[in-house]
file upload.pdb (PDB, C-alpha atoms)
ATOM      1  CA  LYS A   1     -40.845   9.775  13.468
ATOM      2  CA  GLN A   2     -42.884   9.107  10.303
ATOM      3  CA  MET A   3     -40.374  11.061   8.199
ATOM      4  CA  GLU A   4     -37.499   9.057   9.676
ATOM      5  CA  ASN A   5     -39.259   5.769   8.899
ATOM      6  CA  ASN A   6     -39.887   6.890   5.309
ATOM      7  CA  TYR A   7     -36.270   7.926   4.964
ATOM      8  CA  ARG A   8     -35.048   4.571   6.259
ATOM      9  CA  SER A   9     -37.384   2.704   3.899
ATOM     10  CA  ASN A  10     -36.295   4.683   0.817
ATOM     11  CA  ILE A  11     -32.618   4.284   1.585
ATOM     12  CA  SER A  12     -32.974   0.556   2.218
ATOM     13  CA  GLY A  13     -34.695   0.104  -1.132
ATOM     14  CA  PHE A  14     -31.968   2.032  -2.924
ATOM     15  CA  ILE A  15     -29.222  -0.003  -1.276
ATOM     16  CA  MET A  16     -30.841  -3.324  -2.189
ATOM     17  CA  PHE A  17     -31.158  -2.164  -5.811
ATOM     18  CA  TYR A  18     -27.527  -1.071  -5.912
ATOM     19  CA  TYR A  19     -26.397  -4.295  -4.239
ATOM     20  CA  ARG A  20     -28.206  -6.456  -6.831
ATOM     21  CA  LEU A  21     -26.748  -4.331  -9.620
ATOM     22  CA  LEU A  22     -23.196  -4.911  -8.405
ATOM     23  CA  ARG A  23     -23.726  -8.605  -7.775
ATOM     24  CA  THR A  24     -25.119  -9.233 -11.257
ATOM     25  CA  SER A  25     -22.794  -6.963 -13.210
ATOM     26  CA  ASN A  26     -20.197  -8.604 -15.431
ATOM     27  CA  SER A  27     -18.279  -5.413 -15.976
ATOM     28  CA  PRO A  28     -14.521  -5.759 -15.356
ATOM     29  CA  CYS A  29     -14.661  -2.417 -13.595
ATOM     30  CA  VAL A  30     -16.815  -3.782 -10.781
ATOM     31  CA  GLY A  31     -14.663  -4.134  -7.688
ATOM     32  CA  VAL A  32     -15.183  -3.336  -4.047
ATOM     33  CA  ARG A  33     -17.815  -0.624  -3.711
ATOM     34  CA  SER A  34     -19.280   0.935  -0.627
ATOM     35  CA  ILE A  35     -22.109   3.275   0.146
ATOM     36  CA  CYS A  36     -22.062   5.247   3.320
ATOM     37  CA  ILE A  37     -25.238   7.298   3.851
ATOM     38  CA  GLN A  38     -25.444   9.273   7.042
ATOM     39  CA  ARG A  39     -28.220  11.508   8.325
ATOM     40  CA  LYS A  40     -28.610  12.295  11.994
ATOM     41  CA  ASN A  41     -28.416   8.940  13.743
ATOM     42  CA  ILE A  42     -29.034   6.818  10.638
ATOM     43  CA  ARG A  43     -25.905   5.312   9.139
ATOM     44  CA  ILE A  44     -26.070   2.507   6.632
ATOM     45  CA  LEU A  45     -22.959   0.901   5.271
ATOM     46  CA  LEU A  46     -23.037  -1.656   2.515
ATOM     47  CA  HIS A  47     -20.100  -3.486   1.023
ATOM     48  CA  SER A  48     -20.385  -5.448  -2.167
ATOM     49  CA  HIS A  49     -17.702  -8.093  -2.109
ATOM     50  CA  ARG A  50     -15.441  -8.735  -5.040
ATOM     51  CA  SER A  51     -16.457 -11.840  -6.930
ATOM     52  CA  GLU A  52     -14.057 -14.110  -8.727
ATOM     53  CA  ILE A  53     -13.839 -12.346 -12.051
ATOM     54  CA  THR A  54     -11.054 -12.935 -14.534
ATOM     55  CA  ARG A  55      -9.860  -9.453 -15.369
ATOM     56  CA  LYS A  56      -8.442  -8.829 -18.792
ATOM     57  CA  ILE A  57      -5.497  -6.606 -19.579
ATOM     58  CA  PRO A  58      -5.497  -5.104 -23.074
ATOM     59  CA  THR A  59      -2.980  -6.760 -25.358
ATOM     60  CA  PRO A  60      -0.266  -4.703 -27.068
ATOM     61  CA  LYS A  61      -2.396  -4.730 -30.242
ATOM     62  CA  ASN A  62      -5.363  -3.275 -28.388
ATOM     63  CA  ASN A  63      -3.934  -1.128 -25.629
ATOM     64  CA  SER A  64      -6.008   2.020 -26.047
ATOM     65  CA  LYS A  65      -7.179   1.720 -22.440
ATOM     66  CA  LEU A  66      -3.678   2.022 -21.036
ATOM     67  CA  ASN A  67      -2.512   4.515 -23.658
ATOM     68  CA  SER A  68      -5.346   6.853 -22.753
ATOM     69  CA  THR A  69      -4.827   6.733 -18.996
ATOM     70  CA  VAL A  70      -1.110   6.420 -18.188
ATOM     71  CA  SER A  71       0.244   9.940 -17.806
ATOM     72  CA  ARG A  72       3.484  11.675 -16.898
ATOM     73  CA  ASP A  73       2.379  12.330 -13.352
ATOM     74  CA  THR A  74       0.234   9.439 -12.220
ATOM     75  CA  HIS A  75      -2.412   6.957 -13.203
ATOM     76  CA  HIS A  76      -4.758   5.327 -10.715
ATOM     77  CA  ASP A  77      -6.280   1.995 -11.633
ATOM     78  CA  ASN A  78      -7.599  -0.964  -9.686
ATOM     79  CA  GLN A  79      -9.178  -3.189 -12.307
ATOM     80  CA  TYR A  80      -6.295  -5.525 -13.093
ATOM     81  CA  GLU A  81      -5.553  -8.336 -10.672
ATOM     82  CA  PHE A  82      -2.519 -10.523 -11.174
ATOM     83  CA  LEU A  83       0.339 -11.606  -8.938
ATOM     84  CA  ASN A  84       2.758 -12.348 -11.750
ATOM     85  CA  ARG A  85       4.650 -10.373 -14.384
ATOM     86  CA  THR A  86       1.757  -9.979 -16.839
ATOM     87  CA  TYR A  87       0.704  -6.616 -15.437
ATOM     88  CA  GLU A  88       4.214  -5.214 -15.767
ATOM     89  CA  LYS A  89       4.640  -6.555 -19.297
ATOM     90  CA  GLN A  90       1.405  -5.009 -20.521
ATOM     91  CA  LEU A  91       2.157  -1.683 -18.849
ATOM     92  CA  MET A  92       5.658  -1.630 -20.322
ATOM     93  CA  GLU A  93       4.504  -2.556 -23.808
ATOM     94  CA  SER A  94       1.659  -0.051 -23.811
ATOM     95  CA  GLU A  95       3.959   2.918 -23.232
ATOM     96  CA  ALA A  96       7.323   1.473 -24.322
ATOM     97  CA  TYR A  97       8.834   1.398 -20.842
ATOM     98  CA  ASP A  98      11.986  -0.611 -20.244
ATOM     99  CA  ALA A  99      11.574  -1.234 -16.502
ATOM    100  CA  CYS A 100       8.939  -1.215 -13.757
ATOM    101  CA  ILE A 101      10.024  -0.210 -10.263
ATOM    102  CA  GLY A 102       7.817  -1.379  -7.396
ATOM    103  CA  VAL A 103       7.302   1.099  -4.556
ATOM    104  CA  ASP A 104       5.685   0.502  -1.179
ATOM    105  CA  GLU A 105       5.860   1.666   2.427
ATOM    106  CA  VAL A 106       5.445   0.188   5.874
ATOM    107  CA  GLY A 107       4.638   1.949   9.122
ATOM    108  CA  ARG A 108       1.810   4.400   8.575
ATOM    109  CA  GLY A 109      -0.271   3.145  11.492
ATOM    110  CA  PRO A 110       2.117   2.593  14.431
ATOM    111  CA  LEU A 111       2.334   4.938  17.383
ATOM    112  CA  ALA A 112       6.126   4.753  17.407
ATOM    113  CA  GLY A 113       9.075   4.405  15.090
ATOM    114  CA  PRO A 114       9.706   5.451  11.508
ATOM    115  CA  VAL A 115       7.816   4.955   8.280
ATOM    116  CA  VAL A 116       9.991   3.017   5.815
ATOM    117  CA  ALA A 117       9.646   2.973   2.031
ATOM    118  CA  ALA A 118      11.377   0.705  -0.453
ATOM    119  CA  ALA A 119      11.784   0.742  -4.224
ATOM    120  CA  CYS A 120      12.610  -2.510  -5.983
ATOM    121  CA  TYR A 121      13.418  -3.531  -9.544
ATOM    122  CA  ILE A 122      13.307  -7.185 -10.558
ATOM    123  CA  PRO A 123      14.063  -7.979 -14.223
ATOM    124  CA  LEU A 124      11.275  -9.847 -15.979
ATOM    125  CA  ASP A 125      13.463 -12.908 -16.482
ATOM    126  CA  VAL A 126      14.286 -13.163 -12.757
ATOM    127  CA  ASN A 127      12.128 -15.200 -10.405
ATOM    128  CA  VAL A 128      12.411 -15.033  -6.624
ATOM    129  CA  GLU A 129      10.121 -17.640  -5.087
ATOM    130  CA  GLY A 130       7.691 -16.894  -2.285
ATOM    131  CA  ILE A 131       7.077 -13.191  -2.933
ATOM    132  CA  LEU A 132       3.652 -12.104  -1.670
ATOM    133  CA  ASP A 133       2.269  -9.123   0.192
ATOM    134  CA  SER A 134       4.387  -8.770   3.345
ATOM    135  CA  LYS A 135       1.281  -8.793   5.544
ATOM    136  CA  LYS A 136       0.284 -12.244   4.292
ATOM    137  CA  ILE A 137       3.441 -14.181   5.125
ATOM    138  CA  SER A 138       5.105 -15.027   8.413
ATOM    139  CA  GLU A 139       7.959 -13.039   9.910
ATOM    140  CA  ARG A 140      10.368 -15.930   9.349
ATOM    141  CA  LYS A 141       9.318 -16.242   5.697
ATOM    142  CA  ARG A 142       9.606 -12.484   5.163
ATOM    143  CA  THR A 143      13.151 -12.533   6.493
ATOM    144  CA  GLN A 144      14.118 -15.406   4.199
ATOM    145  CA  ILE A 145      12.673 -13.709   1.121
ATOM    146  CA  SER A 146      14.271 -10.413   2.090
ATOM    147  CA  GLU A 147      17.675 -12.115   2.244
ATOM    148  CA  LYS A 148      17.099 -13.654  -1.184
ATOM    149  CA  LEU A 149      16.194 -10.274  -2.648
ATOM    150  CA  ARG A 150      19.142  -8.466  -1.069
ATOM    151  CA  SER A 151      21.642 -11.098  -2.187
ATOM    152  CA  HIS A 152      20.338 -11.619  -5.718
ATOM    153  CA  PRO A 153      22.782 -10.060  -8.215
ATOM    154  CA  SER A 154      20.011  -8.934 -10.590
ATOM    155  CA  VAL A 155      17.632  -7.436  -8.017
ATOM    156  CA  LEU A 156      18.074  -3.719  -7.377
ATOM    157  CA  TYR A 157      16.535  -1.959  -4.396
ATOM    158  CA  ALA A 158      16.772   1.063  -2.130
ATOM    159  CA  GLU A 159      15.119   2.039   1.125
ATOM    160  CA  TYR A 160      14.448   5.306   2.911
ATOM    161  CA  SER A 161      13.000   5.962   6.374
ATOM    162  CA  VAL A 162      11.431   9.036   7.948
ATOM    163  CA  ASP A 163      11.643   9.166  11.726
ATOM    164  CA  ASN A 164       8.869   9.944  14.175
ATOM    165  CA  LEU A 165      10.014  13.524  14.727
ATOM    166  CA  GLN A 166       9.644  14.383  11.051
ATOM    167  CA  ILE A 167       6.335  12.503  10.932
ATOM    168  CA  ASP A 168       5.045  14.726  13.742
ATOM    169  CA  THR A 169       6.275  17.786  11.854
ATOM    170  CA  ILE A 170       4.915  17.179   8.354
ATOM    171  CA  ASN A 171       2.205  14.520   9.079
ATOM    172  CA  ILE A 172       2.245  10.832   8.212
ATOM    173  CA  ARG A 173       0.876  11.177   4.684
ATOM    174  CA  GLN A 174       3.552  13.643   3.615
ATOM    175  CA  ALA A 175       6.230  11.629   5.390
ATOM    176  CA  THR A 176       5.152   8.489   3.535
ATOM    177  CA  LEU A 177       5.179  10.168   0.131
ATOM    178  CA  PHE A 178       8.555  11.754   0.849
ATOM    179  CA  ALA A 179      10.032   8.394   1.874
ATOM    180  CA  MET A 180       8.721   6.800  -1.333
ATOM    181  CA  LYS A 181      10.200   9.536  -3.509
ATOM    182  CA  GLN A 182      13.563   9.312  -1.782
ATOM    183  CA  ALA A 183      13.649   5.523  -2.125
ATOM    184  CA  VAL A 184      12.997   5.755  -5.877
ATOM    185  CA  HIS A 185      15.644   8.420  -6.368
ATOM    186  CA  LEU A 186      18.194   6.505  -4.296
ATOM    187  CA  LEU A 187      17.595   3.457  -6.467
ATOM    188  CA  LEU A 188      17.964   5.409  -9.687
ATOM    189  CA  ASP A 189      21.057   7.243  -8.481
ATOM    190  CA  SER A 190      22.758   3.999  -7.493
ATOM    191  CA  SER A 191      22.039   2.099 -10.708
ATOM    192  CA  ILE A 192      23.612   2.950 -14.051
ATOM    193  CA  GLU A 193      21.474   0.184 -15.532
ATOM    194  CA  LEU A 194      18.223   1.939 -14.576
ATOM    195  CA  GLN A 195      19.539   5.348 -15.547
ATOM    196  CA  ASN A 196      19.821   4.056 -19.101
ATOM    197  CA  LYS A 197      16.261   2.700 -19.132
ATOM    198  CA  LYS A 198      12.873   4.351 -19.497
ATOM    199  CA  CYS A 199      11.390   3.510 -16.100
ATOM    200  CA  ILE A 200       7.968   3.741 -14.512
ATOM    201  CA  ALA A 201       7.250   3.451 -10.793
ATOM    202  CA  ILE A 202       4.263   1.350  -9.724
ATOM    203  CA  VAL A 203       3.188   2.798  -6.378
ATOM    204  CA  ASP A 204       0.943   0.972  -3.939
ATOM    205  CA  GLY A 205      -2.141   2.997  -2.991
ATOM    206  CA  ILE A 206      -3.855   6.035  -4.445
ATOM    207  CA  ASP A 207      -1.242   8.744  -3.837
ATOM    208  CA  THR A 208       1.852   9.282  -5.911
ATOM    209  CA  PRO A 209       4.875  11.187  -4.583
ATOM    210  CA  THR A 210       5.344  14.616  -6.084
ATOM    211  CA  GLY A 211       8.641  15.455  -7.710
ATOM    212  CA  LEU A 212       9.473  12.001  -9.041
ATOM    213  CA  SER A 213      11.979  12.082 -11.881
ATOM    214  CA  ILE A 214      10.212   9.217 -13.681
ATOM    215  CA  ASP A 215       6.632   8.403 -14.614
ATOM    216  CA  SER A 216       4.440   6.820 -11.965
ATOM    217  CA  HIS A 217       1.383   4.596 -11.867
ATOM    218  CA  THR A 218      -0.686   4.127  -8.708
ATOM    219  CA  LEU A 219      -2.534   0.910  -8.018
ATOM    220  CA  ILE A 220      -4.680  -0.004  -5.021
ATOM    221  CA  LYS A 221      -3.387  -3.159  -3.328
ATOM    222  CA  ALA A 222      -0.434  -3.291  -5.683
ATOM    223  CA  ASP A 223       1.486  -5.091  -2.935
ATOM    224  CA  GLN A 224      -0.914  -7.999  -3.452
ATOM    225  CA  LEU A 225      -0.937  -7.856  -7.243
ATOM    226  CA  VAL A 226       2.425  -6.785  -8.666
ATOM    227  CA  LEU A 227       5.616  -8.708  -7.945
ATOM    228  CA  PRO A 228       8.163  -5.866  -7.515
ATOM    229  CA  VAL A 229       5.722  -3.947  -5.298
ATOM    230  CA  SER A 230       5.290  -7.038  -3.133
ATOM    231  CA  ALA A 231       9.069  -7.330  -2.980
ATOM    232  CA  ALA A 232       9.345  -3.682  -1.931
ATOM    233  CA  SER A 233       6.787  -4.242   0.825
ATOM    234  CA  ILE A 234       8.811  -7.189   2.159
ATOM    235  CA  LEU A 235      12.076  -5.250   2.137
ATOM    236  CA  ALA A 236      10.507  -2.275   3.926
ATOM    237  CA  LYS A 237       8.704  -4.474   6.450
ATOM    238  CA  VAL A 238      11.808  -6.456   7.411
ATOM    239  CA  SER A 239      13.901  -3.307   7.797
ATOM    240  CA  ARG A 240      11.322  -1.568   9.949
ATOM    241  CA  ASP A 241      10.704  -4.638  12.096
ATOM    242  CA  GLN A 242      14.419  -4.943  12.776
ATOM    243  CA  PHE A 243      14.539  -1.282  13.789
ATOM    244  CA  MET A 244      11.738  -1.833  16.286
ATOM    245  CA  ILE A 245      13.356  -5.000  17.648
ATOM    246  CA  ASN A 246      16.518  -2.992  18.293
ATOM    247  CA  ALA A 247      14.392  -0.284  19.902
ATOM    248  CA  HIS A 248      12.966  -2.898  22.255
ATOM    249  CA  ASN A 249      16.417  -3.395  23.751
ATOM    250  CA  LYS A 250      16.533   0.283  24.656
ATOM    251  CA  TYR A 251      12.888   0.685  25.721
ATOM    252  CA  PRO A 252      11.785  -2.802  26.861
ATOM    253  CA  GLN A 253       8.868  -1.441  28.884
ATOM    254  CA  PHE A 254       6.849  -0.885  25.704
ATOM    255  CA  GLY A 255       7.322  -4.320  24.130
ATOM    256  CA  PHE A 256       8.285  -3.023  20.689
ATOM    257  CA  ALA A 257       9.699  -6.411  19.677
ATOM    258  CA  SER A 258       6.247  -7.978  19.679
ATOM    259  CA  HIS A 259       3.951  -5.283  18.261
ATOM    260  CA  LYS A 260       6.496  -3.143  16.358
ATOM    261  CA  GLY A 261       4.906   0.066  17.641
ATOM    262  CA  TYR A 262       1.339  -0.641  16.522
ATOM    263  CA  PRO A 263      -1.482   0.310  18.909
ATOM    264  CA  THR A 264      -2.065  -3.115  20.418
ATOM    265  CA  LYS A 265      -3.633  -3.651  23.827
ATOM    266  CA  LYS A 266      -0.212  -4.371  25.319
ATOM    267  CA  HIS A 267       1.233  -1.166  23.861
ATOM    268  CA  LEU A 268      -1.664   0.980  25.068
ATOM    269  CA  GLU A 269      -1.434  -0.516  28.547
ATOM    270  CA  ALA A 270       2.274   0.303  28.651
ATOM    271  CA  LEU A 271       1.533   3.893  27.648
ATOM    272  CA  SER A 272      -0.945   4.182  30.503
ATOM    273  CA  ILE A 273       1.878   3.329  32.906
ATOM    274  CA  HIS A 274       4.976   4.857  31.305
ATOM    275  CA  LYS A 275       5.582   8.187  29.659
ATOM    276  CA  PRO A 276       6.128   8.110  25.859
ATOM    277  CA  CYS A 277       9.702   7.419  24.793
ATOM    278  CA  PRO A 278      11.640   9.461  22.208
ATOM    279  CA  LEU A 279      10.428   7.124  19.426
ATOM    280  CA  HIS A 280       6.722   7.803  19.918
ATOM    281  CA  ARG A 281       4.694   9.902  17.495
ATOM    282  CA  LEU A 282       3.213  12.533  19.773
ATOM    283  CA  THR A 283       0.689  13.801  17.217
ATOM    284  CA  PHE A 284      -0.978  10.373  17.013
ATOM    285  CA  SER A 285      -3.996   9.497  19.137
ATOM    286  CA  PRO A 286      -4.039   8.690  22.044
ATOM    287  CA  LEU A 287      -0.546  10.149  22.551
ATOM    288  CA  ASN A 288      -1.780  13.632  21.631
ATOM    289  CA  LYS A 289      -4.235  13.427  24.544
ATOM    290  CA  LEU A 290      -1.780  12.372  27.237
TER     291      LEU A 290
END
call {"tool": "encode", "arguments": {"input": "upload.pdb", "output": "structure tokens"}}
result
Amino acid sequence: KQMENNYRSNISGFIMFYYRLLRTSNSPCVGVRSICIQRKNIRILLHSHRSEITRKIPTPKNNSKLNSTVSRDTHHDNQYEFLNRTYEKQLMESEAYDACIGVDEVGRGPLAGPVVAAACYIPLDVNVEGILDSKKISERKRTQISEKLRSHPSVLYAEYSVDNLQIDTINIRQATLFAMKQAVHLLLDSSIELQNKKCIAIVDGIDTPTGLSIDSHTLIKADQLVLPVSAASILAKVSRDQFMINAHNKYPQFGFASHKGYPTKKHLEALSIHKPCPLHRLTFSPLNKL
């Protein structure tokens, strides 16, 4: 008991020191940090919240940071926060890219339906109002923005979905990466304009699809920070939602139109009454226990 009390005291002191360090640091690299220390039944979790820090992107005259980290395969970075075209411009200038393609997916967490990925290119001189992360705007607003993107003559996009059967076969992570890669390649194959440009794909998250024919750059929460990634998230979200609404007409007992296949209380209650339908992901919990 004495050893456990000493352990708890030492850990608490360390966490308070680390917390003060993060709160007082002015480094642009300080973002969301977490410590998770677990020993027997002691588990302490501390989150230091992101403060309002203006993050600076190196200018083209001083871009050694980007030059040293952007590679052929992937670059992971989460220290630049802008929801405008500045991030794209600096990334393009640092490595002489001609175009940034935003890539995002929707549908990793649901118990049913496909995962959908979209790739979107929006020229720097084109502005489509209202673009934000798809999770932060209403369904009606998402649909309106999606229609604007799809009808705009200068906006190029492609989508690719992987169904629940393939998700159960190769797992959701691999299915997501495969959908992203296919969306990018579909976009490139369908656009002579992009084929004649040096392109880079900005991918939301920490994983980049293998086998991409162009350079890639991963960015955590890119769907909240980079315009074409936000656009891709909206396109993918609207397409997947429409798929699940159509599925509701065929399997109304599960209420897909309201929760889109996510594990809500209503969905779980329906699964306790009805057997899974052909759209359910049988390797996902709790379906794999039924």
call {"tool": "residues_around", "arguments": {"input": "upload.pdb", "residues": "Asn127 (chain A)", "least_positions_apart": "2", "cutoff": "12 Å", "atoms": "only C-alpha atoms", "output": "list of chain:residue names"}}
result
A:Asn84, A:Arg85, A:Tyr121, A:Ile122, A:Pro123, A:Leu124, A:Asp125, A:Glu129, A:Gly130, A:Ile131, A:Ile145, A:Lys148, A:Leu149, A:His152, A:Ser154, A:Val155, A:Leu227, A:Pro228, A:Ala231
call {"tool": "closest_residue", "arguments": {"input": "upload.pdb", "among": "A:Gly261, A:Glu88, A:Ser94, A:Ser230", "to": "Ile245 (chain A)", "atoms": "all atoms listed in the file"}}
result
A:Gly261
call {"tool": "residues_around", "arguments": {"input": "upload.pdb", "residues": "Asp223 (chain A)", "least_positions_apart": "5", "cutoff": "9 Å", "atoms": "only C-alpha atoms", "output": "list in words"}}
result
Leu83, Gly102, Val103, Asp104, Leu132, Asp133, Ser134, Val203, Asp204, Gly205, Pro228, Val229, Ser230, Ala231, Ala232 and Ser233 of chain A
call {"tool": "resolve_selection", "arguments": {"input": "upload.pdb", "expression": "the PyMOL selection byres ((chain A and resi 173) around 12)", "output": "list in words"}}
result
Glu105, Val106, Gly107, Arg108, Gly109, Val115, Val162, Gln166, Ile167, Asp168, Thr169, Ile170, Asn171, Ile172, Gln174, Ala175, Thr176, Leu177, Phe178, Ala179, Met180, Gly205, Ile206, Asp207, Thr208 and Pro209 of chain A
call {"tool": "residues_around", "arguments": {"input": "upload.pdb", "residues": "Arg140 (chain A)", "least_positions_apart": "4", "cutoff": "12 Å", "atoms": "all atoms listed in the file", "output": "list of chain:residue names"}}
result
A:Gly130, A:Ser134, A:Lys136, A:Gln144, A:Ile145, A:Ser146, A:Glu147, A:Ile234, A:Lys237, A:Val238, A:Asp241
